[in-house]
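Listing of model.cif, mmCIF, C-alpha atoms and all ligand atoms
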data_protein
#
loop_
_atom_site.label_atom_id
_atom_site.label_comp_id
_atom_site.auth_asym_id
_atom_site.auth_seq_id
_atom_site.Cartn_x
_atom_site.Cartn_y
_atom_site.Cartn_z
CA MET R 28 79.70 139.33 126.76
CA LYS R 29 76.83 141.58 127.80
CA ARG R 30 75.05 143.28 124.90
CA ILE R 31 74.60 147.04 125.21
CA GLU R 32 72.99 149.76 123.09
CA ILE R 33 75.56 152.39 122.16
CA GLU R 34 74.71 156.05 121.51
CA ASN R 35 76.94 159.03 120.59
CA ARG R 36 75.96 162.36 122.13
CA ASP R 37 77.37 165.82 121.43
CA GLU R 38 78.33 167.54 124.66
CA LEU R 39 76.06 170.51 123.91
CA SER R 40 73.04 168.27 123.41
CA LEU R 41 73.23 166.62 126.84
CA THR R 42 70.23 167.32 129.03
CA ARG R 43 70.64 168.03 132.74
CA ALA R 44 69.18 164.57 133.46
CA GLU R 45 71.73 162.87 131.17
CA ASP R 46 74.55 164.90 132.69
CA ASP R 47 73.45 163.75 136.17
CA GLU R 48 73.27 160.15 134.93
CA ILE R 49 76.87 160.35 133.62
CA ALA R 50 78.04 161.98 136.87
CA GLY R 51 76.45 159.12 138.83
CA LEU R 52 78.16 156.50 136.68
CA LEU R 53 81.59 158.18 136.98
CA SER R 54 81.21 158.46 140.74
CA ALA R 55 80.29 154.75 141.05
CA ALA R 56 83.03 153.55 138.66
CA PHE R 57 85.93 155.67 139.91
CA GLY R 58 84.67 155.46 143.51
CA GLN R 59 85.44 151.73 143.51
CA ASN R 60 89.17 152.64 143.10
CA GLY R 61 88.86 155.28 145.84
CA ASP R 62 89.41 157.90 143.09
CA ASP R 63 86.12 159.78 143.03
CA ASP R 64 87.41 163.31 142.44
CA PHE R 65 84.50 164.29 140.21
CA GLY R 66 82.70 166.45 142.76
CA GLY R 67 79.31 165.42 141.37
CA ARG R 68 80.31 166.56 137.85
CA SER R 69 80.04 164.58 134.61
CA PHE R 70 83.69 165.45 133.78
CA TYR R 71 87.01 165.44 135.64
CA LYS R 72 88.82 168.61 134.55
CA GLN R 73 86.86 170.14 131.69
CA ARG R 74 83.93 169.40 129.40
CA HIS R 75 84.38 167.20 126.33
CA HIS R 76 83.10 167.17 122.73
CA LEU R 77 81.35 163.84 122.39
CA ARG R 78 80.12 161.16 124.77
CA VAL R 79 79.82 157.49 123.89
CA LEU R 80 77.12 156.03 126.14
CA GLY R 81 76.42 152.34 126.72
CA ARG R 82 72.99 151.34 128.02
CA SER R 83 71.40 148.09 129.12
CA ASP R 84 67.59 148.09 129.62
CA GLY R 85 67.78 151.89 129.40
CA ARG R 86 70.26 152.17 132.24
CA LEU R 87 73.60 153.89 131.65
CA ILE R 88 76.35 151.36 132.48
CA GLY R 89 79.28 152.42 130.30
CA HIS R 90 80.87 155.69 129.15
CA ILE R 91 83.76 157.15 127.15
CA ALA R 92 84.34 160.90 126.62
CA ILE R 93 86.07 162.16 123.47
CA CYS R 94 87.92 165.47 122.92
CA PHE R 95 89.08 166.72 119.52
CA ARG R 96 92.20 168.88 119.56
CA VAL R 97 95.36 169.75 117.67
CA ILE R 98 98.62 169.15 119.48
CA ASN R 99 102.14 170.24 118.62
CA VAL R 100 104.43 167.29 117.85
CA ALA R 101 108.03 168.51 117.33
CA GLY R 102 106.77 171.73 115.75
CA THR R 103 103.98 170.27 113.60
CA LEU R 104 100.28 170.60 114.41
CA VAL R 105 98.67 167.17 114.52
CA PRO R 106 94.91 166.58 114.93
CA VAL R 107 94.20 164.06 117.67
CA THR R 108 91.37 162.84 119.81
CA GLY R 109 91.78 162.26 123.52
CA LEU R 110 89.70 159.73 125.43
CA ALA R 111 88.74 160.39 129.02
CA GLU R 112 86.53 159.08 131.80
CA VAL R 113 86.42 155.49 130.50
CA ALA R 114 84.02 153.89 132.95
CA THR R 115 81.87 150.81 133.45
CA HIS R 116 79.40 150.59 136.33
CA PRO R 117 80.89 148.26 138.98
CA ASP R 118 77.76 146.04 138.87
CA HIS R 119 78.61 145.23 135.22
CA GLY R 120 82.43 145.03 135.30
CA GLY R 121 84.30 142.28 133.47
CA GLN R 122 81.48 141.70 130.94
CA GLY R 123 83.20 143.33 127.99
CA ILE R 124 81.42 146.69 128.22
CA ALA R 125 84.56 148.87 128.10
CA GLY R 126 85.91 146.72 125.26
CA GLN R 127 82.72 147.17 123.19
CA LEU R 128 82.64 150.92 123.81
CA LEU R 129 86.31 151.25 122.92
CA LYS R 130 85.88 149.33 119.65
CA HIS R 131 82.87 151.48 118.74
CA THR R 132 84.83 154.66 119.61
CA ILE R 133 87.88 153.69 117.57
CA ALA R 134 85.71 152.83 114.53
CA LEU R 135 83.99 156.20 114.88
CA LEU R 136 87.29 158.08 115.16
CA ARG R 137 88.64 156.38 112.03
CA GLN R 138 86.00 158.41 110.11
CA THR R 139 87.38 161.73 111.43
CA GLN R 140 90.36 163.98 110.68
CA ALA R 141 92.20 162.75 113.77
CA ALA R 142 95.54 161.02 113.16
CA PHE R 143 95.87 159.48 116.63
CA VAL R 144 93.83 158.57 119.69
CA LEU R 145 95.50 159.44 122.99
CA LEU R 146 94.56 158.53 126.53
CA PHE R 147 96.10 158.37 129.97
CA GLY R 148 95.62 154.99 131.61
CA ASP R 149 97.11 151.55 132.07
CA HIS R 150 94.17 149.10 132.02
CA PRO R 151 94.82 146.02 129.81
CA VAL R 152 91.74 146.87 127.69
CA TYR R 153 93.77 149.56 125.90
CA ALA R 154 96.63 147.30 124.73
CA ARG R 155 94.04 144.72 123.66
CA ASN R 156 92.57 147.34 121.35
CA GLY R 157 95.81 148.45 119.73
CA PHE R 158 97.05 151.22 122.06
CA ARG R 159 100.76 151.43 122.90
CA ALA R 160 102.34 153.08 125.94
CA VAL R 161 104.75 155.94 125.06
CA THR R 162 107.09 158.09 127.16
CA ASN R 163 107.41 161.38 125.23
CA THR R 164 108.14 164.59 127.09
CA LEU R 165 104.82 166.44 127.36
CA ARG R 166 104.03 170.08 127.87
CA TYR R 167 100.56 170.76 129.26
CA THR R 168 98.45 173.03 131.41
CA LYS R 169 98.04 171.66 134.92
CA ILE R 170 94.56 172.02 136.39
CA GLU R 171 94.01 171.09 140.04
CA ASP R 172 90.83 171.59 142.07
CA SER R 173 89.21 173.44 139.14
CA ARG R 174 92.05 175.97 139.02
CA THR R 175 94.75 176.46 136.36
CA GLU R 176 98.01 176.04 138.25
CA SER R 177 100.97 176.06 135.87
CA VAL R 178 102.46 174.83 132.62
CA VAL R 179 104.27 171.54 133.16
CA SER R 180 106.97 170.01 130.96
CA ALA R 181 107.85 166.45 131.91
CA PRO R 182 108.25 162.92 130.55
CA THR R 183 104.82 161.32 130.53
CA ARG R 184 103.55 158.41 132.57
CA TYR R 185 100.57 156.38 131.43
CA LEU R 186 100.14 157.98 127.97
CA GLN R 187 98.88 155.47 125.40
CA VAL R 188 98.63 156.14 121.67
CA LEU R 189 96.72 154.49 118.82
CA PRO R 190 97.44 155.58 115.21
CA LEU R 191 94.32 156.02 113.05
CA THR R 192 96.14 156.47 109.73
CA ASP R 193 99.46 155.27 108.33
CA GLN R 194 101.21 158.17 110.10
CA ALA R 195 103.52 156.71 112.78
CA TRP R 196 103.77 158.22 116.26
CA ASP R 197 107.18 159.87 116.90
CA ASP R 198 108.46 158.38 120.17
CA GLN R 199 111.27 160.93 120.45
CA ALA R 200 109.26 164.11 119.79
CA ASP R 201 108.58 166.75 122.41
CA VAL R 202 104.78 167.02 122.50
CA ASP R 203 102.84 170.14 123.49
CA LEU R 204 99.24 169.21 124.27
CA LEU R 205 98.16 172.85 123.81
CA GLY R 206 95.92 172.46 126.85
CA HIS R 207 95.27 170.20 129.77
CA LEU R 208 95.70 166.41 129.99
CA PHE R 209 92.87 164.35 128.51
C1 LIG L 301 88.58 150.00 133.60
C2 LIG L 301 87.11 149.69 133.31
C3 LIG L 301 86.54 150.79 132.42
C4 LIG L 301 87.05 148.33 132.60
O1 LIG L 301 85.69 148.11 132.24
P1 LIG L 301 85.07 146.66 131.96
O2 LIG L 301 83.79 146.88 131.26
O3 LIG L 301 85.04 145.90 133.23
O4 LIG L 301 86.15 146.04 130.99
P2 LIG L 301 85.92 144.81 130.01
O5 LIG L 301 85.06 143.79 130.67
O6 LIG L 301 85.49 145.34 128.69
O7 LIG L 301 87.38 144.24 129.95
C5 LIG L 301 88.25 144.78 129.03
C6 LIG L 301 89.28 143.76 128.59
O8 LIG L 301 90.33 143.71 129.53
C7 LIG L 301 90.53 142.38 129.94
N1 LIG L 301 90.97 142.46 131.32
C8 LIG L 301 90.27 142.94 132.34
N2 LIG L 301 91.03 142.92 133.46
C9 LIG L 301 92.21 142.38 133.10
C10 LIG L 301 93.42 142.08 133.79
N3 LIG L 301 93.55 142.33 135.09
N4 LIG L 301 94.46 141.58 133.09
C11 LIG L 301 94.34 141.33 131.76
N5 LIG L 301 93.21 141.58 131.06
C12 LIG L 301 92.17 142.10 131.73
C13 LIG L 301 89.22 141.68 129.74
O9 LIG L 301 89.40 140.31 129.55
C14 LIG L 301 88.73 142.36 128.48
O10 LIG L 301 89.32 141.81 127.34
P3 LIG L 301 88.47 141.62 125.98
O11 LIG L 301 87.96 142.98 125.59
O12 LIG L 301 89.46 141.07 125.01
O13 LIG L 301 87.37 140.68 126.35
C15 LIG L 301 86.29 149.57 134.63
O14 LIG L 301 86.90 148.64 135.48
C16 LIG L 301 86.15 150.89 135.37
O15 LIG L 301 85.21 151.65 135.15
N6 LIG L 301 87.10 151.17 136.30
C17 LIG L 301 87.06 152.38 137.11
C18 LIG L 301 87.37 153.59 136.30
C19 LIG L 301 88.73 153.50 135.62
O16 LIG L 301 89.74 153.17 136.25
N7 LIG L 301 88.74 153.82 134.32
C20 LIG L 301 89.92 153.75 133.50
C21 LIG L 301 90.67 155.02 133.60
S1 LIG L 301 92.12 154.93 132.61
#

Target encoding structure tokens, full file:
Amino acid sequence: MKRIEIENRDELSLTRAEDDEIAGLLSAAFGQNGDDDFGGRSFYKQRHHLRVLGRSDGRLIGHIAICFRVINVAGTLVPVTGLAEVATHPDHGGQGIAGQLLKHTIALLRQTQAAFVLLFGDHPVYARNGFRAVTNTLRYTKIEDSRTESVVSAPTRYLQVLPLTDQAWDDQADVDLLGHLF
């Protein structure tokens, strides 16, 4: 396993240079899947609240973005965090970087008010760190090409959930994300 230095950065504290560094990493990581829709930005749809950055010899090689939000689960407001833009530089893939960043992120989020961590994805690293795929019907704001398109209500694909407290996730509940997908 490759050792990395991990740093948490508030979105508002990011310098232009750091933002460019994150954008470069996301382009390289998602570009390897042919999915580079970032348009040179450091975020996919919208800005986040906190960035978890992994560096080796000063170079940014791993990243997770965190959003804090309340969502509506069957009529009750529930505080959650959403993870986005999980990325490891392709030159350093398969060396446990995403796993280390995810463990650090989950430990950090256990200190917060959030009851669950949510993310959209299907990489095995998530199940290995306690996430479970769920299929709730989701209501959310659809953003495409930097434009709000519509409000969608549909059963979810690829949503994974990790409880942070003893509160269990309700598999049957209709869930309103009160915003866009993470
Ligand atoms: C997905 C991604 C972040 C993984 O990063 P990584 O640093 O290579 O991942 P890791 O080396 O930490 O591997 C994570 C774990 O998954 C396991 N794993 C990796 N590929 C696997 C596979 N095909 N099947 C089963 N397990 C697998 C590893 O053994 C590791 O387990 P461990 O933590 O118990 O050691 C990276 O490939 C990436 O940036 N991809 C492009 C962007 C992307 O798709 N992001 C995810 C969006 S949801």

So, counting all atoms listed in the file, which residue among R:Val179, R:Ile88, R:Val79, R:Met28 is closest to His116 of chain R?
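Among the listed residues, R:Ile88 lies closest to His116 of chain R.
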
Do you know which residues are at most 12 Å from His131 of chain R counting only C-alpha atoms, after dropping those on the same chain fewer than 3 positions away, and could you put them as a list of chain:residue names?
R:Ile31, R:Glu32, R:Ile33, R:Glu34, R:Asn35, R:Arg78, R:Val79, R:Leu80, R:Gly81, R:His90, R:Ile91, R:Ile124, R:Ala125, R:Gly126, R:Gln127, R:Leu128, R:Ala134, R:Leu135, R:Leu136, R:Arg137, R:Gln138, R:Asn156

Restricting the calculation to all atoms listed in the file: of R:Val152, R:Ala55, R:Ala101, R:Leu41, which residue gets closest to ligand LIG 301 (chain L)?
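Among the listed residues, R:Val152 lies closest to ligand LIG 301 (chain L).
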
Which value, in Å to one decimal, gives the distance between atom CA of Lys29 of chain R and atom CA of Leu87 of chain R?
13.3 Å

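Pairwise distance (atom CA of Asn163 of chain R, atom CA of Leu104 of chain R) equals 15.9 Å.
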
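Shell of Ala200 of chain R at 8 Å, with all atoms listed in the file counted and residues fewer than 2 places along the chain excluded, is Val100, Ala101, Asn163, Thr164, Asp197, Asp198 and Val202 of chain R.
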
Enumerate residues in contact with ligand LIG 301 (chain L): an atom-to-atom distance of at most 7 Å, counting only C-alpha atoms and all ligand atoms. Format the result as a ChimeraX atom specification.
/R:56-57,59-60,112-117,119-127,147-152,155

Write a file of the just-selected residues containing C-alpha atoms, as a short mmCIF file (atom, residue, chain, number, x, y, z; two decimals), in the frame of the given file.
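Written file, out24.cif:
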data_model
loop_
_atom_site.label_atom_id
_atom_site.label_comp_id
_atom_site.auth_asym_id
_atom_site.auth_seq_id
_atom_site.Cartn_x
_atom_site.Cartn_y
_atom_site.Cartn_z
CA ALA R 56 83.03 153.55 138.66
CA PHE R 57 85.93 155.67 139.91
CA GLN R 59 85.44 151.73 143.51
CA ASN R 60 89.17 152.64 143.10
CA GLU R 112 86.53 159.08 131.80
CA VAL R 113 86.42 155.49 130.50
CA ALA R 114 84.02 153.89 132.95
CA THR R 115 81.87 150.81 133.45
CA HIS R 116 79.40 150.59 136.33
CA PRO R 117 80.89 148.26 138.98
CA HIS R 119 78.61 145.23 135.22
CA GLY R 120 82.43 145.03 135.30
CA GLY R 121 84.30 142.28 133.47
CA GLN R 122 81.48 141.70 130.94
CA GLY R 123 83.20 143.33 127.99
CA ILE R 124 81.42 146.69 128.22
CA ALA R 125 84.56 148.87 128.10
CA GLY R 126 85.91 146.72 125.26
CA GLN R 127 82.72 147.17 123.19
CA PHE R 147 96.10 158.37 129.97
CA GLY R 148 95.62 154.99 131.61
CA ASP R 149 97.11 151.55 132.07
CA HIS R 150 94.17 149.10 132.02
CA PRO R 151 94.82 146.02 129.81
CA VAL R 152 91.74 146.87 127.69
CA ARG R 155 94.04 144.72 123.66
#

How big is the axis-aligned box, and where does its centre sit, when it encloses all atoms of segment 200-207 of chain R listed in the file and has 5 Å added on every side, reported in Å to one decimal as lines of an AutoDock Vina configuration file?
center_x = 102.3
center_y = 168.5
center_z = 124.8
size_x = 24.0
size_y = 18.7
size_z = 20.0

What does the structure give for the distance between atom CA of Val178 of chain R and atom CA of Leu204 of chain R, in Å to one decimal?
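If I compute the distance from atom CA of Val178 of chain R to atom CA of Leu204 of chain R, I get 10.6 Å.
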
Taking (101.3, 170.5, 133.8) in the file's coordinates, which residues come within 10 Å, counting all atoms listed in the file, written as a ChimeraX atom specification?
/R:165-171,175-181,204,206-208

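Distance annotation: of R:Glu48, R:Asp62, R:Glu38, R:Asp118, the residue with the minimal separation from Arg74 of chain R is R:Glu38; atom set is all atoms listed in the file.
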
Find the residues around Gly157 of chain R up to 9 Å (all atoms listed in the file counted), leave out those fewer than 5 positions away in its own chain, and share them as a list in words.
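Residues meeting the cut-off are Val188, Leu189 and Pro190 of chain R.
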
Pick from R:Val105, R:Leu77, R:Ala154, R:Ile133, whichever lies nearest to Gln194 of chain R using only C-alpha atoms:
R:Val105

Residues proximal to (80.3, 167.2, 140.7) were defined as those with any atom within 12 Å of that point in the file's coordinates, counting all atoms listed in the file. Which are they, as a list in words?
Asp46, Asp47, Glu48, Ile49, Ala50, Gly51, Leu52, Leu53, Ser54, Asp63, Asp64, Phe65, Gly66, Gly67, Arg68, Ser69, Phe70, Tyr71, Lys72, Gln73, Asp172 and Ser173 of chain R

When you count all atoms listed in the file, which of these residues is closest to Tyr185 of chain R: R:Leu39, R:Leu205, R:Leu146, R:Cys94?
R:Leu146

Return the single residue from R:Gly102, R:Arg86, R:Phe95, R:Ala160 that is closest to Asp37 of chain R, with distances computed using all atoms listed in the file.
R:Phe95
